[in-house]
Amino acid sequence: MATQIISTGASPFTPALDDALDELSAVEEGRVEVEVRLCEVPADMHGWRVDRVLARLIPEFSRSYLQQLMADGAVQLRGAVVLKQAARIAAGDRLQVELRATQQAMAFVPQAMKLDVVFEDANLLVINKPAGLVVHPAAGNWSGTLLNGLLAHHAGAACLPRAGIVHRLDKDTSGLMLVGKSRQAVEALVRAIAAREVNRQYLALGHGRWTGTVEQGVDQHIGRDIRNRLRMAVVLRDGASGKPAQTTFRLLDSGDQACLVACKLHTGRTHQIRVHMAWLGHPLVGDALYGGRTLWGMERQALHAARLRLVHPTGGQPLDFQSAPPDDFKDALEQSGLRYNEASMG
């Protein structure tokens with residue numbers, strides 16, 4: 001027998017994740033398929049937006065959840081699917097709502113996958129993420145993400161925000177990632193990253209011969225590119241849309257076609273290294289979004305999270321992890337004639 005999909009209440013998670021996890025718990029327990037709710041619009045709601053009416057008539061569900069149901073075609077007005085949240089409604093109109101789990105809710109499910117575990121104890125997990133693996137569910141990638149793998153990897157992940165993920169790598173960036181396995185560890189890792197106490201170093205292969213000094217710091221704000229909303233860009237410091245971003249680049253090797261650099265993040269803005277490398281005139285090989293081109297078979301951005309240094313979030317001992325670049329990166333280096341060894345990351 002169908003029952004309500006979610007029950008709201010106090011939670012440490014964000015509202016959207018609250019809804020998703022609550023919906024998921026109902027689905028996993030076999031309590032929910034679809035509940036059809038019929039509602040008649042009272043006179044005092046005449047002329048209201050349909051999403052506002054739904055929120056008032058079905059108060060046990062969040063407005064964002066009901067809006068998502070509308071987007072999925074689960075709401076009918078006068079017998080026809082209504083997709084526009086701002087559509088006006090009249091007294092006496094009848095609404096039919098299919099209360100069902102949304103894509104977001106179904107995204108938060110365990111999916112067994114092979115994780116390349118570099119380190120693991122009761123509080124901390126360090127993994128080597130392959131290129132192509134999406135870290136967190138989002139539009140177009142509702143399954144097969146690292147979050148899904150973490151939910152299957154250990155039971156405690158379901159009780160943590162974002163399954164313990166405290167920072168992200170782009171889908172096509174490879175390398176080391178930190179994951180908390182307890183709330184204490186997650187909170188400590190978040191604080192350490194915000195305080196710049198986690199040393200994160202990346203290996204990047206950029207276009208062209210290196211033109212700057214051997215070590216060069218870039219302190220340029222990053223914000224959404226107003227000409228292309230899929231991109232980020234260096235923006236004016238006094239602009240409202242940008243945030244401070246600092247990266248230190250150190251040359252490892254350079255040739256006529258490309259340069260190999262070690263990149264140290266001091267902040268964690270979206271696409272930060274990719275944007276700063278493009279700003280320097282050395283877009284990453286394979287990074288079409290920021291002006292890079294495919295070379296030596298490298299069809300994704302040539303960026304690898306090669307080293308992590310930190311203090312254990314609960315034990316306090318110093319930790320130092322290194323990851324060799326994957327095969328596609330190694331092949332590109334070999335064909336480019338550039339040299340790399342792990343000791344050079346420093």
# chains A, B, ... in the order shown; residues from 1 in each chain; ligands from 1

call {"tool": "select_by_dssp", "arguments": {"residues": "region 148-239 of chain A", "states": "helix (DSSP H, G or I)", "output": "list in words"}}
result
Asn148, Gly149, Leu150, Leu151, Ala152, His153, Ala155, Gly156, Ala157, Ala158, Cys159, Pro161, Arg162, Ala163, Gly164, Arg183, Gln184, Ala185, Val186, Glu187, Ala188, Leu189, Val190, Arg191, Ala192, Ile193 and Ala194 of chain A

call {"tool": "residues_around", "arguments": {"residues": "region 66-73 of chain A", "least_positions_apart": "2", "cutoff": "8 Å", "atoms": "only C-alpha atoms", "output": "ChimeraX atom specification"}}
result
/A:51,54-55,61-64,75-76,81-85,98-100,102

call {"tool": "closest_residue", "arguments": {"among": "A:Pro313, A:Gly268, A:Pro325, A:Gly47", "to": "Val179 (chain A)", "atoms": "only C-alpha atoms"}}
result
A:Pro313

call {"tool": "residues_around", "arguments": {"residues": "Cys259 (chain A)", "least_positions_apart": "4", "cutoff": "9 Å", "atoms": "only C-alpha atoms", "output": "ChimeraX atom specification"}}
result
/A:204-210,251-255,282,338

call {"tool": "residues_around", "arguments": {"residues": "region 342-344 of chain A", "least_positions_apart": "4", "cutoff": "12 Å", "atoms": "only C-alpha atoms", "output": "MDAnalysis selection string"}}
result
chainID A and resid 201:203 250:253 260:263 306:307 321:325

call {"tool": "residues_around", "arguments": {"residues": "region 114-127 of chain A", "least_positions_apart": "5", "cutoff": "12 Å", "atoms": "only C-alpha atoms", "output": "PyMOL selection string"}}
result
chain A and resi 133+135+144-157+160+163-169+174-189+305-316+319-324

call {"tool": "write_last_selection", "arguments": {"atoms": "C-alpha atoms", "output": "mmCIF file, in the first residue's frame"}}
result
data_model
loop_
_atom_site.group_PDB
_atom_site.id
_atom_site.type_symbol
_atom_site.label_atom_id
_atom_site.label_comp_id
_atom_site.auth_asym_id
_atom_site.auth_seq_id
_atom_site.Cartn_x
_atom_site.Cartn_y
_atom_site.Cartn_z
ATOM 1 C CA LEU A 133 34.133 9.506 -12.517
ATOM 2 C CA VAL A 135 31.965 12.951 -7.713
ATOM 3 C CA GLY A 144 27.317 5.892 -11.006
ATOM 4 C CA THR A 145 28.948 8.706 -9.031
ATOM 5 C CA LEU A 146 31.563 8.520 -6.303
ATOM 6 C CA LEU A 147 28.840 9.358 -3.773
ATOM 7 C CA ASN A 148 26.945 6.236 -4.858
ATOM 8 C CA GLY A 149 30.112 4.185 -4.444
ATOM 9 C CA LEU A 150 30.755 5.595 -0.980
ATOM 10 C CA LEU A 151 27.224 4.711 0.147
ATOM 11 C CA ALA A 152 27.971 1.117 -0.838
ATOM 12 C CA HIS A 153 31.501 1.140 0.598
ATOM 13 C CA HIS A 154 30.540 1.689 4.248
ATOM 14 C CA ALA A 155 27.240 1.942 6.088
ATOM 15 C CA GLY A 156 28.139 5.143 7.934
ATOM 16 C CA ALA A 157 28.250 7.151 4.702
ATOM 17 C CA LEU A 160 27.020 11.973 6.663
ATOM 18 C CA ALA A 163 28.465 10.758 2.150
ATOM 19 C CA GLY A 164 31.575 12.350 3.675
ATOM 20 C CA ILE A 165 32.813 14.167 0.564
ATOM 21 C CA VAL A 166 34.604 17.337 1.722
ATOM 22 C CA HIS A 167 36.065 18.554 -1.577
ATOM 23 C CA ARG A 168 35.616 17.702 -5.218
ATOM 24 C CA LEU A 169 37.561 17.012 -8.380
ATOM 25 C CA SER A 174 42.175 12.336 -11.795
ATOM 26 C CA GLY A 175 43.912 11.872 -8.476
ATOM 27 C CA LEU A 176 43.718 12.012 -4.699
ATOM 28 C CA MET A 177 40.569 12.873 -2.766
ATOM 29 C CA LEU A 178 39.815 13.065 0.955
ATOM 30 C CA VAL A 179 36.587 11.596 2.365
ATOM 31 C CA GLY A 180 35.478 11.701 5.993
ATOM 32 C CA LYS A 181 33.983 8.533 7.462
ATOM 33 C CA SER A 182 32.646 10.063 10.693
ATOM 34 C CA ARG A 183 30.952 13.356 11.492
ATOM 35 C CA GLN A 184 33.925 14.373 13.650
ATOM 36 C CA ALA A 185 36.303 13.725 10.755
ATOM 37 C CA VAL A 186 34.113 15.522 8.207
ATOM 38 C CA GLU A 187 33.884 18.621 10.384
ATOM 39 C CA ALA A 188 37.627 18.595 11.079
ATOM 40 C CA LEU A 189 38.498 18.185 7.388
ATOM 41 C CA ALA A 305 45.783 15.606 -8.070
ATOM 42 C CA ALA A 306 49.215 14.192 -7.274
ATOM 43 C CA ARG A 307 49.836 14.941 -3.600
ATOM 44 C CA LEU A 308 47.955 15.522 -0.341
ATOM 45 C CA ARG A 309 49.548 16.468 2.965
ATOM 46 C CA LEU A 310 47.509 16.968 6.124
ATOM 47 C CA VAL A 311 47.135 16.176 9.793
ATOM 48 C CA HIS A 312 44.827 13.244 10.464
ATOM 49 C CA PRO A 313 41.417 14.776 11.315
ATOM 50 C CA THR A 314 40.963 12.760 14.515
ATOM 51 C CA GLY A 315 44.315 11.144 15.329
ATOM 52 C CA GLY A 316 46.518 14.186 14.802
ATOM 53 C CA LEU A 319 49.909 12.192 6.633
ATOM 54 C CA ASP A 320 51.486 12.471 3.194
ATOM 55 C CA PHE A 321 50.000 10.778 0.111
ATOM 56 C CA GLN A 322 51.269 10.745 -3.472
ATOM 57 C CA SER A 323 49.678 9.403 -6.641
ATOM 58 C CA ALA A 324 51.437 8.768 -9.933
#

call {"tool": "closest_residue", "arguments": {"among": "A:Phe249, A:Phe108, A:His136, A:Val41", "to": "Met345 (chain A)", "atoms": "only C-alpha atoms"}}
result
A:Phe249

call {"tool": "atom_distance", "arguments": {"atom1": "CA of Glu35 (chain A)", "atom2": "CA of Pro110 (chain A)"}}
result
24.4 Å

call {"tool": "closest_residue", "arguments": {"among": "A:Asp238, A:Asp225, A:Glu40, A:Asp327", "to": "Thr270 (chain A)", "atoms": "only C-alpha atoms"}}
result
A:Asp225

call {"tool": "select_by_dssp", "arguments": {"residues": "region 27-179 of chain A", "states": "strand (DSSP E or B)", "output": "compact mmCIF listing (two decimals) with C-alpha atoms, in the first residue's frame"}}
result
# COMPACT_ATOMS: atom_id res chain seq x y z
CA GLU A 35 0.57 7.88 -4.42
CA VAL A 36 -2.00 9.85 -6.45
CA ARG A 37 -3.32 12.90 -4.60
CA LEU A 38 -6.45 14.73 -5.87
CA CYS A 39 -6.91 18.33 -4.72
CA GLU A 40 -9.64 20.89 -5.37
CA ARG A 49 0.50 30.27 -8.75
CA VAL A 75 1.13 17.26 -11.90
CA GLN A 76 -2.04 17.63 -13.95
CA LEU A 77 -4.39 20.61 -14.05
CA ALA A 80 -3.52 18.10 -18.69
CA VAL A 81 0.11 18.03 -17.53
CA ARG A 88 -2.33 30.71 -12.44
CA ARG A 94 -8.84 20.09 -9.77
CA LEU A 95 -5.19 19.08 -9.45
CA GLN A 96 -3.90 15.54 -9.72
CA VAL A 97 -0.43 14.96 -8.26
CA GLU A 98 1.61 11.77 -8.50
CA LEU A 99 3.76 11.71 -5.38
CA VAL A 117 41.73 3.08 -1.82
CA VAL A 118 45.04 4.68 -0.86
CA PHE A 119 44.35 4.86 2.89
CA GLU A 120 41.47 3.93 5.15
CA LEU A 124 39.33 8.83 7.03
CA LEU A 125 39.30 7.50 3.49
CA VAL A 126 41.74 8.61 0.79
CA ILE A 127 40.97 7.46 -2.73
CA ASN A 128 42.64 7.80 -6.11
CA LYS A 129 39.80 8.98 -8.38
CA ALA A 138 23.72 16.23 -10.57
CA ASN A 141 24.63 12.17 -13.80
CA ILE A 165 32.81 14.17 0.56
CA SER A 174 42.17 12.34 -11.79
CA GLY A 175 43.91 11.87 -8.48
CA LEU A 176 43.72 12.01 -4.70
CA MET A 177 40.57 12.87 -2.77
CA LEU A 178 39.81 13.06 0.96
CA VAL A 179 36.59 11.60 2.36

call {"tool": "closest_residue", "arguments": {"among": "A:Ala233, A:Ala74, A:Ala112, A:Val198", "to": "Pro318 (chain A)", "atoms": "only C-alpha atoms"}}
result
A:Val198

call {"tool": "closest_residue", "arguments": {"among": "A:Glu299, A:Glu215, A:Asp328, A:Asp287", "to": "Val275 (chain A)", "atoms": "only C-alpha atoms"}}
result
A:Asp287

call {"tool": "residues_around", "arguments": {"residues": "Met298 (chain A)", "least_positions_apart": "6", "cutoff": "10 Å", "atoms": "only C-alpha atoms", "output": "PyMOL selection string"}}
result
chain A and resi 205+285-287+328-333
